[in-house]
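K.L.:
Just query32.cif, nothing more (mmCIF, C-alpha atoms):
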```cif
data_upload
#
loop_
_atom_site.group_PDB
_atom_site.id
_atom_site.type_symbol
_atom_site.label_atom_id
_atom_site.label_comp_id
_atom_site.auth_asym_id
_atom_site.auth_seq_id
_atom_site.Cartn_x
_atom_site.Cartn_y
_atom_site.Cartn_z
ATOM 1 C CA MET A 5 -84.148 -53.358 -6.397
ATOM 2 C CA ARG A 6 -87.552 -53.132 -8.065
ATOM 3 C CA PRO A 7 -90.598 -53.512 -5.786
ATOM 4 C CA SER A 8 -91.724 -56.654 -7.624
ATOM 5 C CA GLU A 9 -88.296 -58.249 -7.064
ATOM 6 C CA ARG A 10 -88.241 -57.210 -3.414
ATOM 7 C CA ARG A 11 -91.711 -58.671 -2.821
ATOM 8 C CA GLN A 12 -90.631 -61.906 -4.432
ATOM 9 C CA HIS A 13 -87.675 -62.025 -2.014
ATOM 10 C CA ILE A 14 -90.090 -61.464 0.872
ATOM 11 C CA LEU A 15 -92.234 -64.396 -0.249
ATOM 12 C CA GLU A 16 -89.161 -66.609 -0.627
ATOM 13 C CA LEU A 17 -88.035 -65.744 2.905
ATOM 14 C CA LEU A 18 -91.515 -66.496 4.237
ATOM 15 C CA ARG A 19 -91.582 -69.894 2.542
ATOM 16 C CA GLN A 20 -88.375 -70.716 4.396
ATOM 17 C CA ARG A 21 -89.362 -69.316 7.787
ATOM 18 C CA GLU A 22 -93.175 -68.773 7.766
ATOM 19 C CA ARG A 23 -92.912 -65.623 9.963
ATOM 20 C CA ILE A 24 -90.637 -62.619 9.749
ATOM 21 C CA SER A 25 -90.487 -59.116 11.250
ATOM 22 C CA VAL A 26 -90.443 -55.774 9.468
ATOM 23 C CA ASP A 27 -87.104 -54.944 11.131
ATOM 24 C CA GLU A 28 -85.477 -58.113 9.843
ATOM 25 C CA LEU A 29 -86.865 -57.645 6.339
ATOM 26 C CA ALA A 30 -85.533 -54.081 6.248
ATOM 27 C CA ARG A 31 -82.048 -55.266 7.265
ATOM 28 C CA THR A 32 -82.021 -58.281 4.962
ATOM 29 C CA LEU A 33 -83.239 -56.376 1.904
ATOM 30 C CA SER A 34 -81.386 -53.105 2.635
ATOM 31 C CA ALA A 35 -84.607 -51.103 2.500
ATOM 32 C CA SER A 36 -86.341 -48.683 4.827
ATOM 33 C CA GLN A 37 -89.073 -49.920 7.147
ATOM 34 C CA GLU A 38 -91.519 -47.622 5.362
ATOM 35 C CA THR A 39 -90.688 -49.259 2.034
ATOM 36 C CA ILE A 40 -91.071 -52.726 3.546
ATOM 37 C CA ARG A 41 -94.438 -51.796 5.035
ATOM 38 C CA ARG A 42 -95.655 -50.658 1.612
ATOM 39 C CA ASP A 43 -94.532 -53.972 0.142
ATOM 40 C CA LEU A 44 -96.273 -55.910 2.894
ATOM 41 C CA ALA A 45 -99.473 -53.917 2.423
ATOM 42 C CA GLU A 46 -99.455 -54.794 -1.278
ATOM 43 C CA LEU A 47 -98.833 -58.476 -0.548
ATOM 44 C CA ALA A 48 -101.529 -58.519 2.119
ATOM 45 C CA ASP A 49 -104.052 -56.874 -0.224
ATOM 46 C CA SER A 50 -103.469 -59.643 -2.764
ATOM 47 C CA GLY A 51 -103.864 -62.341 -0.102
ATOM 48 C CA GLN A 52 -100.275 -63.600 -0.264
ATOM 49 C CA VAL A 53 -99.339 -62.721 3.330
ATOM 50 C CA THR A 54 -101.073 -62.056 6.638
ATOM 51 C CA LYS A 55 -99.905 -59.085 8.694
ATOM 52 C CA PHE A 56 -99.460 -59.096 12.453
ATOM 53 C CA HIS A 57 -98.015 -56.394 14.717
ATOM 54 C CA GLY A 58 -94.421 -55.861 13.619
ATOM 55 C CA GLY A 59 -94.306 -58.466 10.873
ATOM 56 C CA VAL A 60 -96.007 -60.908 8.527
ATOM 57 C CA CYS A 61 -96.606 -64.610 8.110
ATOM 58 C CA LEU A 62 -97.910 -66.876 5.398
ATOM 59 C CA PRO A 63 -101.717 -67.052 5.357
ATOM 60 C CA ALA A 64 -103.455 -70.202 6.488
ATOM 61 C CA ARG A 65 -104.636 -72.011 3.374
ATOM 62 C CA GLY A 66 -106.675 -75.109 2.756
ATOM 63 C CA GLU A 67 -104.953 -78.077 1.205
ATOM 64 C CA HIS A 68 -106.718 -77.381 -2.105
ATOM 65 C CA GLU A 69 -106.592 -73.632 -2.708
ATOM 66 C CA ASN A 70 -108.925 -72.252 -5.329
ATOM 67 C CA ALA A 71 -106.935 -72.065 -8.560
ATOM 68 C CA PHE A 72 -108.829 -68.994 -9.782
ATOM 69 C CA GLN A 73 -107.987 -67.053 -6.616
ATOM 70 C CA THR A 74 -104.370 -68.128 -6.955
ATOM 71 C CA ARG A 75 -104.263 -66.675 -10.468
ATOM 72 C CA MET A 76 -105.857 -63.459 -9.214
ATOM 73 C CA ASN A 77 -102.760 -62.991 -7.071
ATOM 74 C CA GLU A 78 -100.333 -63.625 -9.924
ATOM 75 C CA PHE A 79 -99.157 -60.548 -11.886
ATOM 76 C CA SER A 80 -101.975 -58.625 -10.214
ATOM 77 C CA GLN A 81 -100.331 -55.230 -10.680
ATOM 78 C CA GLU A 82 -99.938 -55.848 -14.414
ATOM 79 C CA LYS A 83 -103.507 -57.130 -14.739
ATOM 80 C CA ARG A 84 -104.880 -54.097 -12.924
ATOM 81 C CA ALA A 85 -102.967 -51.742 -15.228
ATOM 82 C CA VAL A 86 -104.307 -53.502 -18.317
ATOM 83 C CA ALA A 87 -107.845 -53.545 -16.902
ATOM 84 C CA ARG A 88 -107.785 -49.848 -16.020
ATOM 85 C CA TYR A 89 -106.519 -48.891 -19.469
ATOM 86 C CA ALA A 90 -109.049 -51.118 -21.234
ATOM 87 C CA ALA A 91 -112.014 -49.792 -19.263
ATOM 88 C CA GLY A 92 -111.123 -46.278 -20.360
ATOM 89 C CA LEU A 93 -111.838 -47.237 -23.976
ATOM 90 C CA TYR A 94 -115.560 -47.808 -23.408
ATOM 91 C CA SER A 95 -118.432 -45.424 -22.772
ATOM 92 C CA ALA A 96 -122.145 -45.211 -22.013
ATOM 93 C CA GLY A 97 -124.305 -47.175 -24.425
ATOM 94 C CA ASP A 98 -121.723 -49.848 -25.222
ATOM 95 C CA SER A 99 -122.713 -53.521 -25.242
ATOM 96 C CA ILE A 100 -119.908 -55.896 -24.264
ATOM 97 C CA LEU A 101 -119.545 -59.667 -24.102
ATOM 98 C CA ILE A 102 -117.040 -60.569 -21.353
ATOM 99 C CA ASP A 103 -115.672 -64.046 -20.683
ATOM 100 C CA THR A 104 -114.367 -65.563 -17.452
ATOM 101 C CA GLY A 105 -110.809 -64.808 -16.398
ATOM 102 C CA THR A 106 -108.760 -63.026 -13.795
ATOM 103 C CA THR A 107 -107.882 -60.121 -16.084
ATOM 104 C CA THR A 108 -111.477 -59.763 -17.276
ATOM 105 C CA LEU A 109 -112.614 -59.677 -13.642
ATOM 106 C CA PHE A 110 -110.218 -56.800 -12.931
ATOM 107 C CA PHE A 111 -111.577 -55.197 -16.123
ATOM 108 C CA ALA A 112 -115.184 -55.590 -14.957
ATOM 109 C CA ARG A 113 -114.380 -53.896 -11.662
ATOM 110 C CA GLU A 114 -112.966 -50.903 -13.533
ATOM 111 C CA LEU A 115 -115.778 -50.920 -16.092
ATOM 112 C CA ALA A 116 -118.346 -50.759 -13.297
ATOM 113 C CA ARG A 117 -117.425 -47.094 -12.818
ATOM 114 C CA LEU A 118 -119.280 -46.326 -16.068
ATOM 115 C CA ASN A 119 -123.015 -45.784 -16.454
ATOM 116 C CA ARG A 120 -125.496 -47.172 -18.994
ATOM 117 C CA ILE A 121 -123.425 -50.059 -20.283
ATOM 118 C CA THR A 122 -124.762 -53.522 -21.093
ATOM 119 C CA VAL A 123 -122.679 -56.594 -20.287
ATOM 120 C CA ILE A 124 -123.302 -60.198 -21.313
ATOM 121 C CA THR A 125 -121.170 -62.676 -19.374
ATOM 122 C CA ASN A 126 -120.915 -66.261 -18.178
ATOM 123 C CA SER A 127 -118.959 -65.170 -15.086
ATOM 124 C CA LEU A 128 -120.851 -64.768 -11.825
ATOM 125 C CA LEU A 129 -118.127 -62.478 -10.451
ATOM 126 C CA VAL A 130 -118.168 -60.244 -13.526
ATOM 127 C CA ALA A 131 -121.970 -60.078 -13.367
ATOM 128 C CA GLU A 132 -121.859 -59.108 -9.685
ATOM 129 C CA SER A 133 -119.285 -56.369 -10.302
ATOM 130 C CA ILE A 134 -121.208 -54.792 -13.172
ATOM 131 C CA GLY A 135 -124.671 -55.305 -11.704
ATOM 132 C CA ALA A 136 -123.768 -53.760 -8.355
ATOM 133 C CA SER A 137 -123.134 -50.441 -10.113
ATOM 134 C CA GLY A 138 -126.638 -50.349 -11.595
ATOM 135 C CA ASN A 139 -125.654 -51.323 -15.116
ATOM 136 C CA ARG A 140 -127.550 -53.840 -17.216
ATOM 137 C CA VAL A 141 -126.282 -57.432 -17.066
ATOM 138 C CA PHE A 142 -127.338 -60.564 -18.915
ATOM 139 C CA MET A 143 -126.083 -63.651 -17.094
ATOM 140 C CA ILE A 144 -125.418 -66.620 -19.368
ATOM 141 C CA GLY A 145 -126.688 -69.903 -17.932
ATOM 142 C CA GLY A 146 -125.320 -73.408 -18.253
ATOM 143 C CA GLU A 147 -123.427 -75.859 -16.078
ATOM 144 C CA TYR A 148 -122.019 -74.033 -13.053
ATOM 145 C CA ARG A 149 -118.294 -74.494 -12.422
ATOM 146 C CA PRO A 150 -117.638 -73.489 -8.791
ATOM 147 C CA GLU A 151 -113.844 -73.429 -9.083
ATOM 148 C CA SER A 152 -114.071 -70.416 -11.404
ATOM 149 C CA ASN A 153 -117.606 -69.131 -10.691
ATOM 150 C CA GLN A 154 -118.695 -69.474 -14.301
ATOM 151 C CA ASN A 155 -121.325 -71.199 -16.419
ATOM 152 C CA SER A 156 -120.292 -73.244 -19.443
ATOM 153 C CA GLY A 157 -121.380 -76.124 -21.644
ATOM 154 C CA PRO A 158 -123.890 -76.483 -24.511
ATOM 155 C CA LEU A 159 -126.607 -74.404 -22.847
ATOM 156 C CA ALA A 160 -124.205 -71.502 -22.335
ATOM 157 C CA LEU A 161 -123.117 -71.649 -25.975
ATOM 158 C CA GLU A 162 -126.748 -71.700 -27.102
ATOM 159 C CA GLN A 163 -127.595 -68.626 -25.043
ATOM 160 C CA ILE A 164 -124.561 -66.651 -26.220
ATOM 161 C CA ALA A 165 -125.698 -67.218 -29.816
ATOM 162 C CA ARG A 166 -128.877 -65.225 -29.096
ATOM 163 C CA PHE A 167 -126.978 -61.965 -28.543
ATOM 164 C CA ASN A 168 -125.511 -59.443 -30.933
ATOM 165 C CA ALA A 169 -123.057 -57.129 -29.149
ATOM 166 C CA GLU A 170 -120.814 -54.360 -30.370
ATOM 167 C CA HIS A 171 -117.782 -55.572 -28.411
ATOM 168 C CA ALA A 172 -116.235 -58.727 -27.013
ATOM 169 C CA VAL A 173 -113.513 -58.485 -24.368
ATOM 170 C CA VAL A 174 -111.760 -61.760 -23.621
ATOM 171 C CA THR A 175 -108.603 -62.933 -21.950
ATOM 172 C CA ILE A 176 -106.314 -65.761 -23.025
ATOM 173 C CA GLY A 177 -104.015 -68.425 -21.643
ATOM 174 C CA ALA A 178 -101.280 -68.022 -24.231
ATOM 175 C CA LEU A 179 -100.432 -65.911 -27.280
ATOM 176 C CA SER A 180 -98.004 -66.890 -30.018
ATOM 177 C CA VAL A 181 -97.511 -66.385 -33.742
ATOM 178 C CA ASP A 182 -100.019 -69.205 -34.230
ATOM 179 C CA GLY A 183 -102.797 -67.332 -32.419
ATOM 180 C CA ALA A 184 -104.503 -67.232 -29.040
ATOM 181 C CA PHE A 185 -104.801 -70.397 -26.947
ATOM 182 C CA ASP A 186 -106.396 -71.586 -23.717
ATOM 183 C CA PHE A 187 -105.806 -74.439 -21.284
ATOM 184 C CA SER A 188 -109.521 -75.277 -20.992
ATOM 185 C CA ILE A 189 -111.616 -76.503 -23.902
ATOM 186 C CA GLU A 190 -114.785 -75.209 -22.199
ATOM 187 C CA GLU A 191 -113.367 -71.706 -21.812
ATOM 188 C CA ALA A 192 -112.032 -71.764 -25.380
ATOM 189 C CA GLU A 193 -115.517 -72.640 -26.657
ATOM 190 C CA ILE A 194 -117.113 -69.831 -24.640
ATOM 191 C CA ALA A 195 -114.612 -67.286 -25.968
ATOM 192 C CA ARG A 196 -115.141 -68.410 -29.573
ATOM 193 C CA ALA A 197 -118.917 -68.191 -29.152
ATOM 194 C CA MET A 198 -118.675 -64.654 -27.768
ATOM 195 C CA ILE A 199 -116.339 -63.517 -30.516
ATOM 196 C CA ALA A 200 -118.776 -64.816 -33.127
ATOM 197 C CA ARG A 201 -121.500 -62.546 -31.699
ATOM 198 C CA ALA A 202 -119.451 -59.333 -31.500
ATOM 199 C CA ARG A 203 -118.302 -56.868 -34.117
ATOM 200 C CA TYR A 204 -115.084 -55.788 -32.416
ATOM 201 C CA LEU A 205 -112.700 -57.995 -30.418
ATOM 202 C CA THR A 206 -110.381 -56.725 -27.703
ATOM 203 C CA VAL A 207 -107.974 -59.139 -26.033
ATOM 204 C CA ILE A 208 -106.641 -58.163 -22.607
ATOM 205 C CA ALA A 209 -103.732 -60.005 -21.001
ATOM 206 C CA ASP A 210 -100.574 -59.584 -18.978
ATOM 207 C CA SER A 211 -97.251 -60.197 -20.694
ATOM 208 C CA SER A 212 -96.667 -63.544 -18.963
ATOM 209 C CA LYS A 213 -98.997 -64.987 -21.642
ATOM 210 C CA LEU A 214 -96.610 -64.075 -24.465
ATOM 211 C CA GLY A 215 -94.749 -66.941 -26.090
ATOM 212 C CA ARG A 216 -96.528 -69.565 -23.991
ATOM 213 C CA SER A 217 -98.208 -72.630 -25.394
ATOM 214 C CA ALA A 218 -101.579 -74.127 -24.492
ATOM 215 C CA LEU A 219 -103.583 -77.019 -25.850
ATOM 216 C CA PHE A 220 -106.675 -75.390 -27.347
ATOM 217 C CA GLN A 221 -106.597 -72.702 -30.029
ATOM 218 C CA VAL A 222 -109.243 -70.039 -29.535
ATOM 219 C CA PHE A 223 -108.718 -67.791 -32.569
ATOM 220 C CA PRO A 224 -105.993 -66.697 -35.019
ATOM 221 C CA LEU A 225 -104.159 -63.394 -34.683
ATOM 222 C CA GLU A 226 -106.095 -62.016 -37.652
ATOM 223 C CA ARG A 227 -109.325 -62.077 -35.639
ATOM 224 C CA ILE A 228 -107.963 -59.711 -32.961
ATOM 225 C CA ASP A 229 -108.848 -56.074 -33.475
ATOM 226 C CA ARG A 230 -107.093 -54.737 -30.382
ATOM 227 C CA LEU A 231 -104.601 -56.201 -27.897
ATOM 228 C CA ILE A 232 -104.036 -54.482 -24.561
ATOM 229 C CA ILE A 233 -101.025 -55.714 -22.626
ATOM 230 C CA ASP A 234 -98.627 -54.377 -19.994
ATOM 231 C CA ARG A 235 -95.542 -54.862 -22.185
ATOM 232 C CA LYS A 236 -95.578 -54.861 -25.973
ATOM 233 C CA PRO A 237 -94.464 -58.056 -27.730
ATOM 234 C CA VAL A 238 -91.140 -58.004 -29.529
ATOM 235 C CA GLY A 239 -89.460 -59.993 -32.265
ATOM 236 C CA GLU A 240 -91.354 -62.597 -34.257
ATOM 237 C CA LEU A 241 -94.614 -62.159 -32.354
ATOM 238 C CA ALA A 242 -94.546 -58.384 -32.797
ATOM 239 C CA ASN A 243 -94.053 -58.856 -36.534
ATOM 240 C CA ALA A 244 -96.885 -61.387 -36.725
ATOM 241 C CA LEU A 245 -99.254 -59.032 -34.899
ATOM 242 C CA ALA A 246 -98.328 -56.185 -37.240
ATOM 243 C CA GLN A 247 -98.945 -58.370 -40.292
ATOM 244 C CA ALA A 248 -102.332 -59.329 -38.816
ATOM 245 C CA ASN A 249 -103.180 -55.606 -38.411
ATOM 246 C CA VAL A 250 -103.678 -55.945 -34.651
ATOM 247 C CA ASP A 251 -103.825 -52.608 -32.842
ATOM 248 C CA VAL A 252 -101.475 -53.155 -29.884
ATOM 249 C CA HIS A 253 -101.833 -50.920 -26.812
ATOM 250 C CA GLU A 254 -99.252 -50.934 -24.021
ATOM 251 C CA ALA A 255 -100.530 -50.365 -20.475
ATOM 252 C CA PRO A 256 -97.471 -50.659 -18.226
ATOM 253 C CA ALA A 257 -97.945 -51.256 -14.530
ATOM 254 C CA ALA A 258 -97.612 -47.979 -12.619
ATOM 255 C CA GLN A 259 -94.176 -47.256 -11.242
ATOM 256 C CA ARG A 260 -93.940 -46.361 -7.592
ATOM 257 C CA ALA A 261 -91.790 -43.698 -5.990
ATOM 258 C CA ASP A 262 -89.513 -46.284 -4.354
ATOM 259 C CA TRP A 263 -88.363 -47.873 -7.600
#
```
Now that the file is in, can you turn its structure into structure tokens?
P.N.:
Amino acid sequence: MRPSERRQHILELLRQRERISVDELARTLSASQETIRRDLAELADSGQVTKFHGGVCLPARGEHENAFQTRMNEFSQEKRAVARYAAGLYSAGDSILIDTGTTTLFFARELARLNRITVITNSLLVAESIGASGNRVFMIGGEYRPESNQNSGPLALEQIARFNAEHAVVTIGALSVDGAFDFSIEEAEIARAMIARARYLTVIADSSKLGRSALFQVFPLERIDRLIIDRKPVGELANALAQANVDVHEAPAAQRADW
């Protein structure tokens, strides 16, 4: 059983019982206790479980959990792999527009390892990650949206238009043969504004976005210079990307020894 499948089984068992021991998980899933502990450590790091001595339970959550934090915990291994790969493509002196998203936040954390980069962003979390490493950050203003820690609206769009960056790195809600889409009109507008002020566009996403549909189109496939994803598209979408001359990079999530 793959680790991702085993962890999903663990979460399903916890939803049924709320608390479960390492011993019982090892017996139920026919895995060693060491393997189970590694799984639980991964789940705990992503905030999906709370560990106690000898077992785990579901974390206490408010009735209205932050949707952004929830998405941070979804496909986190794939997002981290994409982010790590993408960050390796940039170097000192680069100027980068970065929008708000879970994958772009993982990207910013990896990018912060570099020196002498300039980032323009509407995301408070991205700005904090880059700024904490001593790099130059321009924080786009506008109406603050606390659920995603970002600024948006007309003022944000106006400020983005004042910049001229070499790169834009954005994430998406969905990708199909018809282009890239988002579920939020405000976030779609921000992404379009950033793309208009950059020479080179890189889209970073996990493969759960492939073949999905969303309400607001952000840009056509032809506008993408580079797509970085954990699993390459196949079939009709792969053909459409090739026809659009999109440079597709695969960044698979790292395999562990217990696969």
K.L.:
Tell me, in Å to one decimal, how far CA of Ser25 (chain A) is from CA of Gln12 (chain A).
P.N.:
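Separation between CA of Ser25 (chain A) and CA of Gln12 (chain A): 15.9 Å.
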K.L.:
Quick one: apply the PyMOL selection byres ((chain A and resi 219) around 9) to the file and drop the selected residues here as a ChimeraX atom specification.
P.N.:
/A:185-189,217-218,220-221
K.L.:
Expand the PyMOL selection byres ((chain A and resi 223) around 8) into the individual residues it matches in the shown file, reporting them as a compact mmCIF listing (two decimals) with C-alpha atoms, in the frame of the given file.
P.N.:
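Full text of result16.txt as output:
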```txt
# COMPACT_ATOMS: atom_id res chain seq x y z
CA GLY A 183 -102.80 -67.33 -32.42
CA ALA A 184 -104.50 -67.23 -29.04
CA PHE A 185 -104.80 -70.40 -26.95
CA ARG A 196 -115.14 -68.41 -29.57
CA GLN A 221 -106.60 -72.70 -30.03
CA VAL A 222 -109.24 -70.04 -29.54
CA PRO A 224 -105.99 -66.70 -35.02
CA LEU A 225 -104.16 -63.39 -34.68
CA ARG A 227 -109.32 -62.08 -35.64
```
K.L.:
Please compute the CA of Gln154 (chain A)-CA of Ile102 (chain A) distance, one decimal, in Å.
P.N.:
11.5 Å
K.L.:
For the file shown, report as a PyMOL selection string the outcome of the PyMOL selection byres ((chain A and resi 251) around 8) at residue level.
P.N.:
chain A and resi 229-231+246+249-250+252-253
K.L.:
Once you count all atoms listed in the file, which residues end up no further than 8 Å from (-91.1, -57.5, 11.8) in the file's frame, shown as a PyMOL selection string?
P.N.:
chain A and resi 24-29+57-60
K.L.:
Pull C-alpha atoms from the residues just selected and write them as a PDB file, in the coordinates of the input.
P.N.:
```
ATOM      1  CA  ILE A  24     -90.637 -62.619   9.749  1.00  0.00           C
ATOM      2  CA  SER A  25     -90.487 -59.116  11.250  1.00  0.00           C
ATOM      3  CA  VAL A  26     -90.443 -55.774   9.468  1.00  0.00           C
ATOM      4  CA  ASP A  27     -87.104 -54.944  11.131  1.00  0.00           C
ATOM      5  CA  GLU A  28     -85.477 -58.113   9.843  1.00  0.00           C
ATOM      6  CA  LEU A  29     -86.865 -57.645   6.339  1.00  0.00           C
ATOM      7  CA  HIS A  57     -98.015 -56.394  14.717  1.00  0.00           C
ATOM      8  CA  GLY A  58     -94.421 -55.861  13.619  1.00  0.00           C
ATOM      9  CA  GLY A  59     -94.306 -58.466  10.873  1.00  0.00           C
ATOM     10  CA  VAL A  60     -96.007 -60.908   8.527  1.00  0.00           C
TER      11      VAL A  60
END
```
K.L.:
Save N, CA and C atoms of region 153-183 of chain A from the block above as a PDB file, in the first residue's frame.
P.N.:
```pdb
ATOM      1  N   ASN A 153      -5.409  35.906   3.706  1.00  0.00           N
ATOM      2  CA  ASN A 153      -4.262  36.778   3.985  1.00  0.00           C
ATOM      3  C   ASN A 153      -3.723  37.450   2.723  1.00  0.00           C
ATOM      4  N   GLN A 154      -4.631  38.033   1.948  1.00  0.00           N
ATOM      5  CA  GLN A 154      -4.216  38.696   0.721  1.00  0.00           C
ATOM      6  C   GLN A 154      -4.944  40.020   0.550  1.00  0.00           C
ATOM      7  N   ASN A 155      -4.366  40.882  -0.282  1.00  0.00           N
ATOM      8  CA  ASN A 155      -4.999  42.136  -0.670  1.00  0.00           C
ATOM      9  C   ASN A 155      -5.503  42.016  -2.101  1.00  0.00           C
ATOM     10  N   SER A 156      -6.674  42.571  -2.365  1.00  0.00           N
ATOM     11  CA  SER A 156      -7.246  42.495  -3.705  1.00  0.00           C
ATOM     12  C   SER A 156      -8.070  43.747  -3.969  1.00  0.00           C
ATOM     13  N   GLY A 157      -8.770  43.758  -5.094  1.00  0.00           N
ATOM     14  CA  GLY A 157      -9.614  44.890  -5.431  1.00  0.00           C
ATOM     15  C   GLY A 157      -8.941  45.887  -6.360  1.00  0.00           C
ATOM     16  N   PRO A 158      -9.642  46.974  -6.698  1.00  0.00           N
ATOM     17  CA  PRO A 158      -9.136  47.959  -7.666  1.00  0.00           C
ATOM     18  C   PRO A 158      -7.791  48.567  -7.290  1.00  0.00           C
ATOM     19  N   LEU A 159      -7.583  48.855  -6.015  1.00  0.00           N
ATOM     20  CA  LEU A 159      -6.312  49.448  -5.599  1.00  0.00           C
ATOM     21  C   LEU A 159      -5.154  48.488  -5.835  1.00  0.00           C
ATOM     22  N   ALA A 160      -5.373  47.212  -5.560  1.00  0.00           N
ATOM     23  CA  ALA A 160      -4.329  46.210  -5.802  1.00  0.00           C
ATOM     24  C   ALA A 160      -3.994  46.130  -7.289  1.00  0.00           C
ATOM     25  N   LEU A 161      -5.017  46.131  -8.127  1.00  0.00           N
ATOM     26  CA  LEU A 161      -4.791  46.064  -9.572  1.00  0.00           C
ATOM     27  C   LEU A 161      -4.021  47.290 -10.061  1.00  0.00           C
ATOM     28  N   GLU A 162      -4.361  48.449  -9.518  1.00  0.00           N
ATOM     29  CA  GLU A 162      -3.675  49.684  -9.892  1.00  0.00           C
ATOM     30  C   GLU A 162      -2.201  49.634  -9.516  1.00  0.00           C
ATOM     31  N   GLN A 163      -1.900  49.105  -8.347  1.00  0.00           N
ATOM     32  CA  GLN A 163      -0.505  49.048  -7.903  1.00  0.00           C
ATOM     33  C   GLN A 163       0.305  48.034  -8.704  1.00  0.00           C
ATOM     34  N   ILE A 164      -0.296  46.902  -9.023  1.00  0.00           N
ATOM     35  CA  ILE A 164       0.408  45.893  -9.827  1.00  0.00           C
ATOM     36  C   ILE A 164       0.833  46.486 -11.162  1.00  0.00           C
ATOM     37  N   ALA A 165      -0.018  47.331 -11.738  1.00  0.00           N
ATOM     38  CA  ALA A 165       0.257  47.922 -13.053  1.00  0.00           C
ATOM     39  C   ALA A 165       1.478  48.829 -13.053  1.00  0.00           C
ATOM     40  N   ARG A 166       1.984  49.201 -11.889  1.00  0.00           N
ATOM     41  CA  ARG A 166       3.154  50.076 -11.802  1.00  0.00           C
ATOM     42  C   ARG A 166       4.477  49.315 -11.913  1.00  0.00           C
ATOM     43  N   PHE A 167       4.410  47.984 -11.869  1.00  0.00           N
ATOM     44  CA  PHE A 167       5.635  47.182 -11.880  1.00  0.00           C
ATOM     45  C   PHE A 167       5.909  46.604 -13.267  1.00  0.00           C
ATOM     46  N   ASN A 168       7.150  46.222 -13.452  1.00  0.00           N
ATOM     47  CA  ASN A 168       7.575  45.573 -14.687  1.00  0.00           C
ATOM     48  C   ASN A 168       8.590  44.505 -14.308  1.00  0.00           C
ATOM     49  N   ALA A 169       8.126  43.273 -14.116  1.00  0.00           N
ATOM     50  CA  ALA A 169       8.974  42.187 -13.622  1.00  0.00           C
ATOM     51  C   ALA A 169       9.374  41.241 -14.744  1.00  0.00           C
ATOM     52  N   GLU A 170      10.447  40.523 -14.505  1.00  0.00           N
ATOM     53  CA  GLU A 170      10.892  39.524 -15.472  1.00  0.00           C
ATOM     54  C   GLU A 170       9.972  38.302 -15.460  1.00  0.00           C
ATOM     55  N   HIS A 171       9.531  37.902 -14.272  1.00  0.00           N
ATOM     56  CA  HIS A 171       8.764  36.665 -14.131  1.00  0.00           C
ATOM     57  C   HIS A 171       7.453  36.889 -13.387  1.00  0.00           C
ATOM     58  N   ALA A 172       6.472  36.061 -13.713  1.00  0.00           N
ATOM     59  CA  ALA A 172       5.272  35.908 -12.893  1.00  0.00           C
ATOM     60  C   ALA A 172       5.130  34.427 -12.589  1.00  0.00           C
ATOM     61  N   VAL A 173       4.874  34.112 -11.328  1.00  0.00           N
ATOM     62  CA  VAL A 173       4.616  32.729 -10.912  1.00  0.00           C
ATOM     63  C   VAL A 173       3.247  32.717 -10.254  1.00  0.00           C
ATOM     64  N   VAL A 174       2.316  31.992 -10.861  1.00  0.00           N
ATOM     65  CA  VAL A 174       0.948  31.964 -10.346  1.00  0.00           C
ATOM     66  C   VAL A 174       0.478  30.526 -10.234  1.00  0.00           C
ATOM     67  N   THR A 175      -0.530  30.339  -9.411  1.00  0.00           N
ATOM     68  CA  THR A 175      -1.181  29.043  -9.315  1.00  0.00           C
ATOM     69  C   THR A 175      -2.594  29.169  -9.867  1.00  0.00           C
ATOM     70  N   ILE A 176      -3.287  28.062 -10.001  1.00  0.00           N
ATOM     71  CA  ILE A 176      -4.584  28.051 -10.668  1.00  0.00           C
ATOM     72  C   ILE A 176      -5.556  27.152  -9.915  1.00  0.00           C
ATOM     73  N   GLY A 177      -6.840  27.319 -10.219  1.00  0.00           N
ATOM     74  CA  GLY A 177      -7.850  26.451  -9.639  1.00  0.00           C
ATOM     75  C   GLY A 177      -8.180  25.266 -10.516  1.00  0.00           C
ATOM     76  N   ALA A 178      -7.986  25.438 -11.827  1.00  0.00           N
ATOM     77  CA  ALA A 178      -8.322  24.377 -12.772  1.00  0.00           C
ATOM     78  C   ALA A 178      -7.567  24.614 -14.073  1.00  0.00           C
ATOM     79  N   LEU A 179      -7.258  23.524 -14.776  1.00  0.00           N
ATOM     80  CA  LEU A 179      -6.571  23.615 -16.062  1.00  0.00           C
ATOM     81  C   LEU A 179      -7.203  22.622 -17.026  1.00  0.00           C
ATOM     82  N   SER A 180      -7.633  23.135 -18.169  1.00  0.00           N
ATOM     83  CA  SER A 180      -8.255  22.289 -19.186  1.00  0.00           C
ATOM     84  C   SER A 180      -7.786  22.749 -20.559  1.00  0.00           C
ATOM     85  N   VAL A 181      -8.288  22.116 -21.597  1.00  0.00           N
ATOM     86  CA  VAL A 181      -7.909  22.508 -22.954  1.00  0.00           C
ATOM     87  C   VAL A 181      -8.348  23.934 -23.261  1.00  0.00           C
ATOM     88  N   ASP A 182      -9.290  24.448 -22.499  1.00  0.00           N
ATOM     89  CA  ASP A 182      -9.779  25.812 -22.711  1.00  0.00           C
ATOM     90  C   ASP A 182      -8.952  26.863 -21.987  1.00  0.00           C
ATOM     91  N   GLY A 183      -7.989  26.440 -21.158  1.00  0.00           N
ATOM     92  CA  GLY A 183      -7.130  27.390 -20.474  1.00  0.00           C
ATOM     93  C   GLY A 183      -7.082  27.178 -18.981  1.00  0.00           C
TER      94      GLY A 183
END
```
